[in-house]
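Visitor: Following this line is run-v3.tsv, made up of TSV, C-alpha atoms (C1' of nucleotides):
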```
chain	number	residue	atom	x	y	z
A	1	MET	CA	-31.22	37.27	1.72
A	2	ASN	CA	-29.07	39.12	-0.74
A	3	ASN	CA	-28.65	35.83	-2.55
A	4	SER	CA	-30.85	37.17	-5.30
A	5	LYS	CA	-28.20	39.72	-6.24
A	6	LYS	CA	-25.43	37.24	-6.54
A	7	GLN	CA	-24.58	35.45	-9.73
A	8	PRO	CA	-26.10	31.95	-9.73
A	9	LEU	CA	-23.57	29.25	-10.38
A	10	ILE	CA	-23.85	25.50	-10.60
A	11	ALA	CA	-20.83	23.33	-9.92
A	12	VAL	CA	-20.55	19.65	-10.79
A	13	VAL	CA	-17.65	18.04	-8.95
A	14	GLY	CA	-16.39	14.56	-8.15
A	15	PRO	CA	-13.62	12.10	-8.81
A	16	THR	CA	-12.32	11.30	-12.24
A	17	ALA	CA	-14.50	8.97	-14.32
A	18	SER	CA	-17.57	9.61	-12.21
A	19	GLY	CA	-19.51	11.00	-15.16
A	20	LYS	CA	-19.26	14.76	-14.59
A	21	THR	CA	-18.91	15.66	-18.27
A	22	ALA	CA	-22.28	14.31	-19.34
A	23	VAL	CA	-24.09	15.68	-16.30
A	24	GLY	CA	-22.51	19.11	-16.71
A	25	ALA	CA	-23.50	19.41	-20.35
A	26	ALA	CA	-27.04	18.20	-19.62
A	27	LEU	CA	-27.48	20.75	-16.82
A	28	ALA	CA	-26.14	23.56	-18.99
A	29	LYS	CA	-28.66	22.60	-21.64
A	30	LEU	CA	-31.48	22.38	-19.11
A	31	TYR	CA	-30.84	25.78	-17.53
A	32	GLY	CA	-29.57	27.65	-20.56
A	33	GLY	CA	-26.02	27.72	-19.38
A	34	GLU	CA	-22.45	27.27	-20.51
A	35	VAL	CA	-19.85	24.92	-19.17
A	36	ILE	CA	-16.66	26.13	-17.52
A	37	SER	CA	-14.16	23.34	-17.14
A	38	ALA	CA	-12.16	23.17	-13.92
A	39	ASP	CA	-9.50	20.68	-14.88
A	40	SER	CA	-5.80	21.35	-14.57
A	41	MET	CA	-4.86	19.12	-17.51
A	42	GLN	CA	-7.71	19.70	-19.94
A	43	ILE	CA	-6.60	23.31	-19.92
A	44	TYR	CA	-3.77	22.37	-22.31
A	45	SER	CA	-4.19	21.93	-26.02
A	46	GLY	CA	-3.20	18.44	-27.14
A	47	PHE	CA	-3.70	15.65	-24.59
A	48	ASP	CA	-7.26	15.32	-25.88
A	49	ILE	CA	-7.55	11.59	-25.27
A	50	THR	CA	-5.18	11.34	-22.32
A	51	SER	CA	-6.97	13.98	-20.25
A	52	ALA	CA	-10.41	12.63	-21.26
A	53	LYS	CA	-11.49	15.93	-22.73
A	54	PRO	CA	-15.15	16.04	-23.75
A	55	THR	CA	-15.71	15.28	-27.42
A	56	ALA	CA	-17.88	17.47	-29.65
A	57	GLU	CA	-20.60	14.86	-29.27
A	58	GLU	CA	-20.40	14.96	-25.50
A	59	MET	CA	-20.59	18.74	-25.52
A	60	GLY	CA	-23.89	18.47	-27.36
A	61	GLY	CA	-23.71	21.96	-28.81
A	62	ILE	CA	-23.21	23.59	-25.41
A	63	PRO	CA	-20.33	26.11	-25.26
A	64	HIS	CA	-17.45	24.78	-23.18
A	65	HIS	CA	-14.81	27.14	-21.79
A	66	MET	CA	-11.35	26.70	-20.30
A	67	LEU	CA	-10.52	23.72	-22.49
A	68	SER	CA	-7.36	23.62	-24.64
A	69	ILE	CA	-6.62	27.26	-23.97
A	70	VAL	CA	-2.86	27.11	-23.34
A	71	PRO	CA	-0.03	25.34	-25.18
A	72	MET	CA	1.45	22.31	-23.47
A	73	ASN	CA	4.87	23.87	-23.14
A	74	THR	CA	3.77	26.73	-20.91
A	75	ASP	CA	3.46	27.09	-17.17
A	76	PHE	CA	0.01	27.50	-15.79
A	77	SER	CA	-1.24	27.97	-12.25
A	78	VAL	CA	-4.34	28.41	-10.11
A	79	ALA	CA	-3.90	32.16	-10.30
A	80	ASP	CA	-4.09	32.05	-14.09
A	81	TYR	CA	-7.08	29.78	-13.88
A	82	CYS	CA	-9.04	32.03	-11.55
A	83	ARG	CA	-8.34	35.15	-13.56
A	84	LEU	CA	-9.40	33.58	-16.86
A	85	ALA	CA	-12.37	31.70	-15.43
A	86	ARG	CA	-13.76	34.82	-13.76
A	87	GLU	CA	-13.63	36.65	-17.08
A	88	LYS	CA	-15.58	33.84	-18.67
A	89	ILE	CA	-18.14	33.77	-15.88
A	90	ASN	CA	-18.66	37.51	-16.11
A	91	ARG	CA	-19.23	37.32	-19.84
A	92	ILE	CA	-21.70	34.47	-19.43
A	93	ALA	CA	-23.48	36.40	-16.71
A	94	GLU	CA	-23.79	39.45	-18.94
A	95	HIS	CA	-25.77	37.32	-21.33
A	96	ASN	CA	-27.98	36.16	-18.47
A	97	ARG	CA	-26.81	32.61	-18.85
A	98	ILE	CA	-25.86	30.25	-16.05
A	99	PRO	CA	-22.24	29.20	-15.66
A	100	VAL	CA	-21.84	25.50	-14.92
A	101	ILE	CA	-18.45	24.65	-13.48
A	102	VAL	CA	-17.49	21.07	-14.24
A	103	GLY	CA	-14.28	19.54	-13.07
A	104	GLY	CA	-12.19	17.56	-10.70
A	105	THR	CA	-9.41	19.95	-9.75
A	106	GLY	CA	-10.48	20.87	-6.25
A	107	LEU	CA	-7.93	23.61	-5.78
A	108	TYR	CA	-9.11	25.42	-8.91
A	109	ILE	CA	-12.77	25.13	-7.99
A	110	ASN	CA	-12.36	26.28	-4.40
A	111	SER	CA	-10.02	29.10	-5.26
A	112	LEU	CA	-12.51	30.33	-7.80
A	113	ILE	CA	-15.71	30.11	-5.83
A	114	ASP	CA	-14.23	31.09	-2.48
A	115	ASN	CA	-12.66	34.15	-3.98
A	116	ILE	CA	-9.07	33.60	-3.00
A	117	ASN	CA	-7.00	36.61	-3.91
A	118	PHE	CA	-4.06	35.94	-6.17
A	119	ASP	CA	-3.72	39.51	-7.43
A	120	SER	CA	-0.80	40.67	-5.32
A	121	THR	CA	2.46	39.50	-6.78
A	122	SER	CA	3.80	36.76	-4.62
A	123	SER	CA	5.61	34.60	-7.07
A	124	ASP	CA	9.08	35.03	-8.47
A	125	SER	CA	10.59	32.32	-10.62
A	126	ALA	CA	14.15	33.58	-10.09
A	127	ILE	CA	13.80	33.30	-6.32
A	128	ARG	CA	12.18	29.93	-6.62
A	129	GLU	CA	14.97	28.62	-8.79
A	130	ARG	CA	17.53	29.89	-6.33
A	131	LEU	CA	15.69	28.17	-3.48
A	132	ILE	CA	15.65	24.90	-5.37
A	133	THR	CA	19.39	25.20	-5.93
A	134	GLU	CA	19.83	25.79	-2.22
A	135	LEU	CA	17.63	22.82	-1.45
A	136	ASN	CA	19.85	20.60	-3.56
A	137	ALA	CA	22.96	22.00	-1.94
A	138	TYR	CA	21.94	22.02	1.73
A	139	GLY	CA	19.17	19.44	1.94
A	140	LYS	CA	15.54	19.49	2.96
A	141	GLU	CA	16.15	19.62	6.70
A	142	ALA	CA	18.13	22.84	6.30
A	143	MET	CA	15.34	24.44	4.27
A	144	HIS	CA	12.76	23.38	6.81
A	145	LYS	CA	14.89	24.81	9.60
A	146	ARG	CA	15.05	28.09	7.74
A	147	LEU	CA	11.27	28.15	7.49
A	148	MET	CA	11.03	27.31	11.18
A	149	GLU	CA	13.04	30.41	12.02
A	150	THR	CA	10.88	32.85	10.08
A	151	ASP	CA	7.49	31.17	10.13
A	152	PRO	CA	7.11	28.46	12.77
A	153	GLU	CA	3.35	28.20	12.30
A	154	THR	CA	3.76	27.01	8.75
A	155	ALA	CA	6.86	24.95	9.51
A	156	VAL	CA	4.97	22.95	12.11
A	157	MET	CA	2.24	22.19	9.60
A	158	VAL	CA	4.51	21.15	6.76
A	159	SER	CA	6.81	18.13	6.88
A	160	PRO	CA	10.47	18.69	5.94
A	161	ASN	CA	9.87	16.01	3.30
A	162	ASN	CA	7.28	18.21	1.64
A	163	THR	CA	9.90	20.30	-0.10
A	164	VAL	CA	7.42	21.71	-2.59
A	165	ARG	CA	5.41	23.43	0.16
A	166	VAL	CA	8.45	24.38	2.23
A	167	ILE	CA	9.98	26.17	-0.74
A	168	ARG	CA	6.77	27.94	-1.61
A	169	ALA	CA	6.41	29.21	1.95
A	170	ILE	CA	9.97	30.56	1.92
A	171	GLU	CA	9.41	32.06	-1.50
A	172	VAL	CA	6.31	33.93	-0.36
A	173	PHE	CA	8.21	35.32	2.59
A	174	GLU	CA	11.14	36.45	0.47
A	175	VAL	CA	8.96	38.05	-2.20
A	176	THR	CA	6.39	39.75	0.01
A	177	GLY	CA	8.03	39.90	3.43
A	178	ILE	CA	4.86	38.34	4.77
A	179	LYS	CA	4.86	35.00	6.53
A	180	PHE	CA	3.05	32.30	4.61
A	181	SER	CA	0.72	31.70	7.54
A	182	ASP	CA	-0.31	35.38	7.47
A	183	TYR	CA	-0.40	35.44	3.69
A	184	ARG	CA	-2.95	32.65	3.74
A	185	VAL	CA	-5.23	34.58	6.04
A	186	LEU	CA	-4.80	37.81	4.09
A	187	ASN	CA	-5.75	36.24	0.79
A	188	LYS	CA	-8.53	34.13	2.11
A	189	GLY	CA	-11.80	35.04	0.46
A	190	THR	CA	-14.21	36.46	2.99
A	191	HIS	CA	-17.24	35.88	0.81
A	192	THR	CA	-18.27	34.16	-2.36
A	193	ASP	CA	-19.49	36.17	-5.33
A	194	TYR	CA	-21.83	33.41	-6.32
A	195	SER	CA	-25.12	31.98	-5.35
A	196	LEU	CA	-23.93	28.42	-5.36
A	197	CYS	CA	-25.39	25.04	-6.02
A	198	MET	CA	-22.80	22.30	-5.77
A	199	ILE	CA	-23.46	18.78	-6.92
A	200	GLY	CA	-21.03	15.93	-6.24
A	201	LEU	CA	-20.99	12.66	-8.15
A	202	ASP	CA	-19.71	9.56	-6.43
A	203	TYR	CA	-20.22	5.85	-5.90
A	204	LYS	CA	-21.12	4.32	-2.54
A	205	ASP	CA	-19.05	1.27	-3.39
A	206	ARG	CA	-15.51	2.40	-4.13
A	207	GLN	CA	-14.98	-0.66	-6.29
A	208	ASP	CA	-17.65	0.55	-8.73
A	209	LEU	CA	-15.67	3.75	-9.28
A	210	TYR	CA	-12.43	1.81	-9.64
A	211	ASP	CA	-14.00	-0.53	-12.17
A	212	ARG	CA	-15.09	2.48	-14.21
A	213	ILE	CA	-11.60	3.92	-14.04
A	214	ASN	CA	-9.95	0.69	-15.15
A	215	ARG	CA	-12.38	0.35	-18.01
A	216	ARG	CA	-11.91	3.95	-19.09
A	217	VAL	CA	-8.15	3.62	-19.21
A	218	ASP	CA	-8.54	0.59	-21.48
A	219	ILE	CA	-10.89	2.56	-23.71
A	220	MET	CA	-8.54	5.55	-23.85
A	221	SER	CA	-5.76	3.18	-24.74
A	222	GLU	CA	-7.84	1.72	-27.58
A	223	ASN	CA	-8.70	5.22	-28.75
A	224	GLY	CA	-5.10	6.24	-29.29
A	225	MET	CA	-3.80	7.53	-25.98
A	226	VAL	CA	-0.43	5.87	-26.49
A	227	ASP	CA	0.11	7.43	-29.92
A	228	GLU	CA	-1.02	10.80	-28.64
A	229	CYS	CA	1.49	10.69	-25.80
A	230	ARG	CA	4.27	9.39	-28.02
A	231	LEU	CA	3.82	12.31	-30.37
A	232	ILE	CA	3.99	14.72	-27.45
A	233	PHE	CA	6.99	12.86	-26.03
A	234	GLU	CA	8.84	13.26	-29.32
A	235	ASN	CA	7.91	16.85	-30.09
A	236	GLU	CA	7.14	18.85	-26.99
A	237	GLN	CA	8.94	20.32	-24.03
A	238	LEU	CA	6.33	20.03	-21.33
A	239	LYS	CA	6.21	22.19	-18.24
A	240	THR	CA	3.31	21.71	-15.81
A	241	ALA	CA	1.63	19.32	-18.22
A	242	CYS	CA	4.32	16.68	-17.73
A	243	GLN	CA	2.48	15.63	-14.57
A	244	ALA	CA	-0.48	14.32	-16.53
A	245	ILE	CA	-1.47	10.82	-15.53
A	246	GLY	CA	-1.15	8.70	-18.63
A	247	TYR	CA	1.73	10.65	-20.08
A	248	LYS	CA	4.22	10.20	-17.29
A	249	GLU	CA	3.50	6.50	-16.85
A	250	LEU	CA	4.11	5.86	-20.56
A	251	LEU	CA	7.58	7.42	-20.58
A	252	PRO	CA	9.35	4.15	-19.60
A	253	TYR	CA	7.62	2.46	-22.52
A	254	PHE	CA	8.75	5.15	-24.96
A	255	ARG	CA	12.30	4.76	-23.65
A	256	ASN	CA	12.11	0.97	-24.08
A	257	GLU	CA	12.49	0.45	-20.37
A	258	ALA	CA	9.14	-1.16	-19.64
A	259	GLU	CA	6.41	-3.14	-21.33
A	260	LEU	CA	3.27	-1.37	-22.43
A	261	SER	CA	0.94	-3.51	-20.33
A	262	VAL	CA	2.93	-2.67	-17.18
A	263	CYS	CA	2.65	1.05	-17.96
A	264	ILE	CA	-1.08	0.78	-18.61
A	265	ASP	CA	-1.58	-0.93	-15.24
A	266	ARG	CA	0.39	1.86	-13.65
A	267	ILE	CA	-1.91	4.43	-15.28
A	268	LYS	CA	-4.93	2.65	-13.86
A	269	GLN	CA	-3.41	2.56	-10.41
A	270	ASN	CA	-2.37	6.21	-10.38
A	271	THR	CA	-5.79	7.21	-11.66
A	272	ARG	CA	-7.41	5.29	-8.80
A	273	ARG	CA	-5.18	7.02	-6.28
A	274	TYR	CA	-5.95	10.36	-7.86
A	275	ALA	CA	-9.68	9.67	-7.52
A	276	LYS	CA	-9.17	8.90	-3.86
A	277	ARG	CA	-7.36	12.21	-3.30
A	278	GLN	CA	-10.10	14.08	-5.14
A	279	LEU	CA	-12.66	12.51	-2.84
A	280	THR	CA	-10.80	13.57	0.29
A	281	TRP	CA	-10.65	17.09	-1.08
A	282	PHE	CA	-14.34	17.34	-1.92
A	283	ARG	CA	-15.67	15.42	1.08
A	284	ARG	CA	-14.74	18.16	3.50
A	285	ASP	CA	-16.91	20.70	1.67
A	286	ASP	CA	-20.35	20.40	3.20
A	287	ARG	CA	-21.91	22.61	0.55
A	288	ILE	CA	-21.75	19.70	-1.85
A	289	ASN	CA	-24.93	17.72	-2.48
A	290	TRP	CA	-23.79	14.20	-3.25
A	291	ILE	CA	-25.49	11.91	-5.69
A	292	TYR	CA	-24.47	8.26	-5.49
A	293	LEU	CA	-24.54	6.59	-8.85
A	294	ASP	CA	-24.13	2.92	-7.94
A	295	ASN	CA	-27.57	1.77	-8.91
A	296	VAL	CA	-28.61	4.52	-11.26
A	297	ILE	CA	-28.85	3.05	-14.72
A	298	ILE	CA	-30.93	5.68	-16.49
A	299	PHE	CA	-29.08	8.90	-17.17
A	300	ASN	CA	-32.19	11.08	-16.97
A	301	LYS	CA	-32.69	9.89	-13.42
A	302	ILE	CA	-29.42	11.62	-12.48
A	303	ILE	CA	-30.60	14.80	-14.12
A	304	ASP	CA	-33.89	14.55	-12.21
A	305	TYR	CA	-31.94	14.38	-8.96
A	306	CYS	CA	-29.86	17.38	-10.01
A	307	GLU	CA	-32.97	19.34	-10.89
A	308	LYS	CA	-34.36	18.71	-7.43
A	309	ILE	CA	-31.11	19.80	-5.83
A	310	VAL	CA	-30.98	22.97	-7.91
A	311	ALA	CA	-34.63	23.76	-7.12
A	312	LYS	CA	-34.03	23.25	-3.42
A	313	SER	CA	-30.98	25.52	-3.47
A	314	LYS	CA	-33.18	28.35	-4.81
A	315	ILE	CA	-30.31	29.89	-6.71
A	316	ILE	CA	-32.31	30.41	-9.87
B	1	G	C1'	6.14	-44.40	-3.42
B	2	G	C1'	11.41	-42.33	-1.80
B	3	C	C1'	14.52	-38.05	-0.91
B	4	G	C1'	15.41	-32.79	-0.47
B	5	C	C1'	13.66	-27.73	0.02
B	6	U	C1'	9.77	-24.67	1.74
B	7	A	C1'	5.32	-22.36	4.48
B	8	U	C1'	5.43	-14.97	8.00
B	9	A	C1'	-0.48	-9.41	6.23
B	10	G	C1'	-4.14	-9.00	-0.05
B	11	C	C1'	1.06	-9.49	-2.59
B	12	C	C1'	6.68	-9.47	-2.29
B	13	A	C1'	9.43	-10.36	1.84
B	14	A	C1'	13.43	-9.57	6.50
B	15	G	C1'	13.99	-12.10	10.86
B	16	U	C1'	17.56	-18.75	12.73
B	17	G	C1'	16.06	-18.51	20.96
B	18	G	C1'	14.58	-12.46	23.94
B	19	U	C1'	8.83	-10.50	22.60
B	20	A	C1'	7.14	-9.61	14.29
B	21	A	C1'	11.96	-4.90	9.64
B	22	G	C1'	10.93	-2.93	4.98
B	23	G	C1'	8.46	-2.40	0.18
B	24	C	C1'	3.94	-2.69	-2.73
B	25	A	C1'	-1.33	-2.67	-2.55
B	26	A	C1'	-5.44	-0.80	0.48
B	27	G	C1'	-7.91	2.86	3.84
B	28	G	C1'	-8.00	7.79	6.14
B	29	G	C1'	-6.13	12.82	6.01
B	30	U	C1'	-3.51	17.67	4.63
B	31	C	C1'	-3.73	21.16	0.69
B	32	U	C1'	-3.85	29.38	-0.92
B	33	G	C1'	0.61	30.68	-7.70
B	34	C	C1'	3.59	23.12	-10.40
B	35	A	C1'	-2.52	20.41	-7.43
B	36	A	C1'	-3.60	14.55	-12.49
B	37	C	C1'	1.48	17.85	-7.75
B	38	A	C1'	3.65	17.19	-3.06
B	39	C	C1'	3.22	15.37	1.77
B	40	C	C1'	1.30	12.96	6.49
B	41	C	C1'	-1.08	8.94	9.30
B	42	U	C1'	-3.05	3.80	9.76
B	43	U	C1'	-2.70	-1.53	8.71
B	44	A	C1'	-0.14	-9.38	11.60
B	45	U	C1'	-1.66	-9.70	20.14
B	46	U	C1'	0.93	-13.24	15.93
B	47	C	C1'	4.39	-16.31	11.87
B	48	C	C1'	0.16	-23.42	8.01
B	49	C	C1'	-1.78	-27.13	11.96
B	50	C	C1'	-0.87	-30.42	16.39
B	51	G	C1'	2.36	-31.71	20.21
B	52	G	C1'	7.32	-31.32	22.71
B	53	U	C1'	11.99	-28.80	24.76
B	54	U	C1'	12.86	-23.97	27.32
B	55	C	C1'	12.11	-18.81	32.14
B	56	A	C1'	11.30	-17.46	26.92
B	57	A	C1'	9.88	-20.41	20.20
B	58	A	C1'	8.22	-17.38	13.87
B	59	U	C1'	13.10	-19.27	15.17
B	60	C	C1'	15.04	-25.76	18.11
B	61	C	C1'	12.78	-31.11	18.05
B	62	G	C1'	8.78	-34.78	16.48
B	63	G	C1'	4.36	-35.55	13.70
B	64	G	C1'	0.59	-33.84	10.19
B	65	U	C1'	-0.98	-30.82	5.90
B	66	G	C1'	-0.11	-27.72	1.45
B	67	G	C1'	3.48	-26.01	-2.29
B	68	C	C1'	8.10	-26.61	-5.14
B	69	G	C1'	12.13	-29.65	-6.98
B	70	C	C1'	14.68	-34.20	-7.88
B	71	C	C1'	14.62	-39.60	-8.07
B	72	U	C1'	11.88	-44.24	-9.10
```
Spit out the file's structure as structure tokens when you get a sec.

Guide:
Amino acid sequence: MNNSKKQPLIAVVGPTASGKTAVGAALAKLYGGEVISADSMQIYSGFDITSAKPTAEEMGGIPHHMLSIVPMNTDFSVADYCRLAREKINRIAEHNRIPVIVGGTGLYINSLIDNINFDSTSSDSAIRERLITELNAYGKEAMHKRLMETDPETAVMVSPNNTVRVIRAIEVFEVTGIKFSDYRVLNKGTHTDYSLCMIGLDYKDRQDLYDRINRRVDIMSENGMVDECRLIFENEQLKTACQAIGYKELLPYFRNEAELSVCIDRIKQNTRRYAKRQLTWFRRDDRINWIYLDNVIIFNKIIDYCEKIVAKSKII
RNA sequence: GGCGCUAUAGCCAAGUGGUAAGGCAAGGGUCUGCAACACCCUUAUUCCCCGGUUCAAAUCCGGGUGGCGCCU
């Protein structure tokens, strides 16, 4: 009912290599919008080929935001993403244009549209470093036990092996004095600021997606991914960006510890697994209208489907 | 043609008389400041086939079939 007051927003989501880039740009063109990328690796400058950043041609003259906005050697987090992306959305809205979120990083997208609150300081790198030192000294079971004492709800949910989450939960408690389980509830967005239309791209036959992924890795390789990563390997001190698929699998090759073809196969495999994880993230969101691309050969057909979905959502 | 070795999941395998380890791949799931991260769960009623011995066989015996190696 008060949907009309909310900012309309289109989101194009899906696994890697499903074709989001082209669809996003086409929808932005169709509705007079601008694209906001939601990709945790395309955020970094450099890594143009490796992270499959849209080319100028693919952007088709449509403004794209949140691409190449931070140097590779800096830390970046969801909180930073939400803050910056909201600024962009507000500016686009002021010009009465439609923001089109396009990306595969589920955490970024959900945090943004579901209004999760990251404002209160609840991160402290000094404390985190100390906790990691303690983890190395006492072991993961000891850290998990410590979490169990202060916050059993979270401890039960998180395996002792999942040291990343265990440490974060302890960190939140030490910084804020609030249990992570309560912190989650407190910061949970109670509403969305947007009048949403979410479109998901996928393939009914998983093998079709995997074939696309394998092919794309070969193409990226032909287009200079290896040289791009080698240059970064030789010149940069990466922080968060060192997790990029493509980069980390090539490291053994740069160190003369593995053959290139083995590393390329590894990139394909890790990309496939990543796509699978993306799908489990997005599948649980029933706001998403899925389009299955298996037998769709003509691109405009996809856009026709999208148009119908957007019309039905009545956000515009 | 003769001799020897071998056969366990999609792949690599452990198991040599007591009721099928493990790894990889695959599938499903979790996710609130590193998320292209991290983690969790599932996956052989059966061990190439046929017969025998035994309370009990993937394991021992005989035969067959496939693979590998050597000899002629």

Visitor: Write out as a short mmCIF file (atom, residue, chain, number, x, y, z; two decimals) with C-alpha atoms, keeping the file's coordinate frame every residue belonging to chain A that has an atom at most 6 Å from any atom of chain B, counting all atoms listed in the file.

Guide:
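The result, written out as part08.cif:
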```cif
data_model
loop_
_atom_site.label_atom_id
_atom_site.label_comp_id
_atom_site.auth_asym_id
_atom_site.auth_seq_id
_atom_site.Cartn_x
_atom_site.Cartn_y
_atom_site.Cartn_z
CA SER A 77 -1.24 27.97 -12.25
CA VAL A 78 -4.34 28.41 -10.11
CA ALA A 79 -3.90 32.16 -10.30
CA ASN A 162 7.28 18.21 1.64
CA VAL A 164 7.42 21.71 -2.59
CA ARG A 184 -2.95 32.65 3.74
CA THR A 240 3.31 21.71 -15.81
CA ALA A 244 -0.48 14.32 -16.53
CA ILE A 245 -1.47 10.82 -15.53
#
```

Visitor: Would you compute the distance between CA of Ser159 in chain A and C1' of C24 in chain B? Give it in Å to one decimal.

Guide: 23.1 Å

Visitor: Hey, which of A:Asp39, A:Glu94, A:Glu58, A:Asp211 ends up closest to Phe76 in chain A? Count only C-alpha atoms.

Guide: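 Checking each of A:Asp39, A:Glu94, A:Glu58, A:Asp211 against Phe76 in chain A, counting only C-alpha atoms, the winner is A:Asp39.
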
Visitor: What is the CA of Leu251 in chain A to CA of Lys53 in chain A distance in Å?

Guide: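 Separation between CA of Leu251 in chain A and CA of Lys53 in chain A: 21.0 Å.
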
Visitor: Would you pick out the contacts of Phe233 in chain A at 12 Å or less, using only C-alpha atoms (C1' of nucleotides), so that residues sharing its chain but fewer than 2 positions from it are not included, and give the list as a tab-separated table (two decimals) with C-alpha atoms, in the coordinates of the input?

Guide:
```tsv
chain	number	residue	atom	x	y	z
A	46	GLY	CA	-3.20	18.44	-27.14
A	47	PHE	CA	-3.70	15.65	-24.59
A	72	MET	CA	1.45	22.31	-23.47
A	73	ASN	CA	4.87	23.87	-23.14
A	226	VAL	CA	-0.43	5.87	-26.49
A	227	ASP	CA	0.11	7.43	-29.92
A	228	GLU	CA	-1.02	10.80	-28.64
A	229	CYS	CA	1.49	10.69	-25.80
A	230	ARG	CA	4.27	9.39	-28.02
A	231	LEU	CA	3.82	12.31	-30.37
A	235	ASN	CA	7.91	16.85	-30.09
A	236	GLU	CA	7.14	18.85	-26.99
A	237	GLN	CA	8.94	20.32	-24.03
A	238	LEU	CA	6.33	20.03	-21.33
A	241	ALA	CA	1.63	19.32	-18.22
A	242	CYS	CA	4.32	16.68	-17.73
A	246	GLY	CA	-1.15	8.70	-18.63
A	247	TYR	CA	1.73	10.65	-20.08
A	248	LYS	CA	4.22	10.20	-17.29
A	249	GLU	CA	3.50	6.50	-16.85
A	250	LEU	CA	4.11	5.86	-20.56
A	251	LEU	CA	7.58	7.42	-20.58
A	252	PRO	CA	9.35	4.15	-19.60
A	253	TYR	CA	7.62	2.46	-22.52
A	254	PHE	CA	8.75	5.15	-24.96
A	255	ARG	CA	12.30	4.76	-23.65
```

Visitor: Quick one: everything within 7 Å of range 272-289 of chain A, counting only C-alpha atoms (C1' of nucleotides), minus sequence neighbours fewer than 2 positions away in the same chain. Send it as a PyMOL selection string.

Guide: (chain A and resi 14-16+104+106+198-200+210+213+268-270+291) or (chain B and resi 36)

Visitor: Using C-alpha atoms (C1' of nucleotides), can you write the selected residues to a file as a compact mmCIF listing (two decimals), keeping the file's coordinate frame?

Guide:
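Written out: out-v6.txt:
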```
# COMPACT_ATOMS: atom_id res chain seq x y z
CA GLY A 14 -16.39 14.56 -8.15
CA PRO A 15 -13.62 12.10 -8.81
CA THR A 16 -12.32 11.30 -12.24
CA GLY A 104 -12.19 17.56 -10.70
CA GLY A 106 -10.48 20.87 -6.25
CA MET A 198 -22.80 22.30 -5.77
CA ILE A 199 -23.46 18.78 -6.92
CA GLY A 200 -21.03 15.93 -6.24
CA TYR A 210 -12.43 1.81 -9.64
CA ILE A 213 -11.60 3.92 -14.04
CA LYS A 268 -4.93 2.65 -13.86
CA GLN A 269 -3.41 2.56 -10.41
CA ASN A 270 -2.37 6.21 -10.38
CA ILE A 291 -25.49 11.91 -5.69
C1' A B 36 -3.60 14.55 -12.49
```

Visitor: Show me as an NGL selection string the residues that reach within 12 Å of (15.8, -41.7, -0.3), counting all atoms listed in the file and using the file's own coordinates.

Guide: :B and (1-4 or 70-72)

Visitor: Report the distance between CA of Ala142 in chain A and CA of Ser120 in chain A in Å, rounded to one decimal place.

Guide: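 Spanning CA of Ala142 in chain A to CA of Ser120 in chain A is a straight-line distance of 28.5 Å.
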
Visitor: Do a neighbour search on G22 in chain B at 12 Å with only C-alpha atoms (C1' of nucleotides), toss out local chain neighbours closer than 3 positions, and write the hits as a ChimeraX atom specification.

Guide: /B:12-15
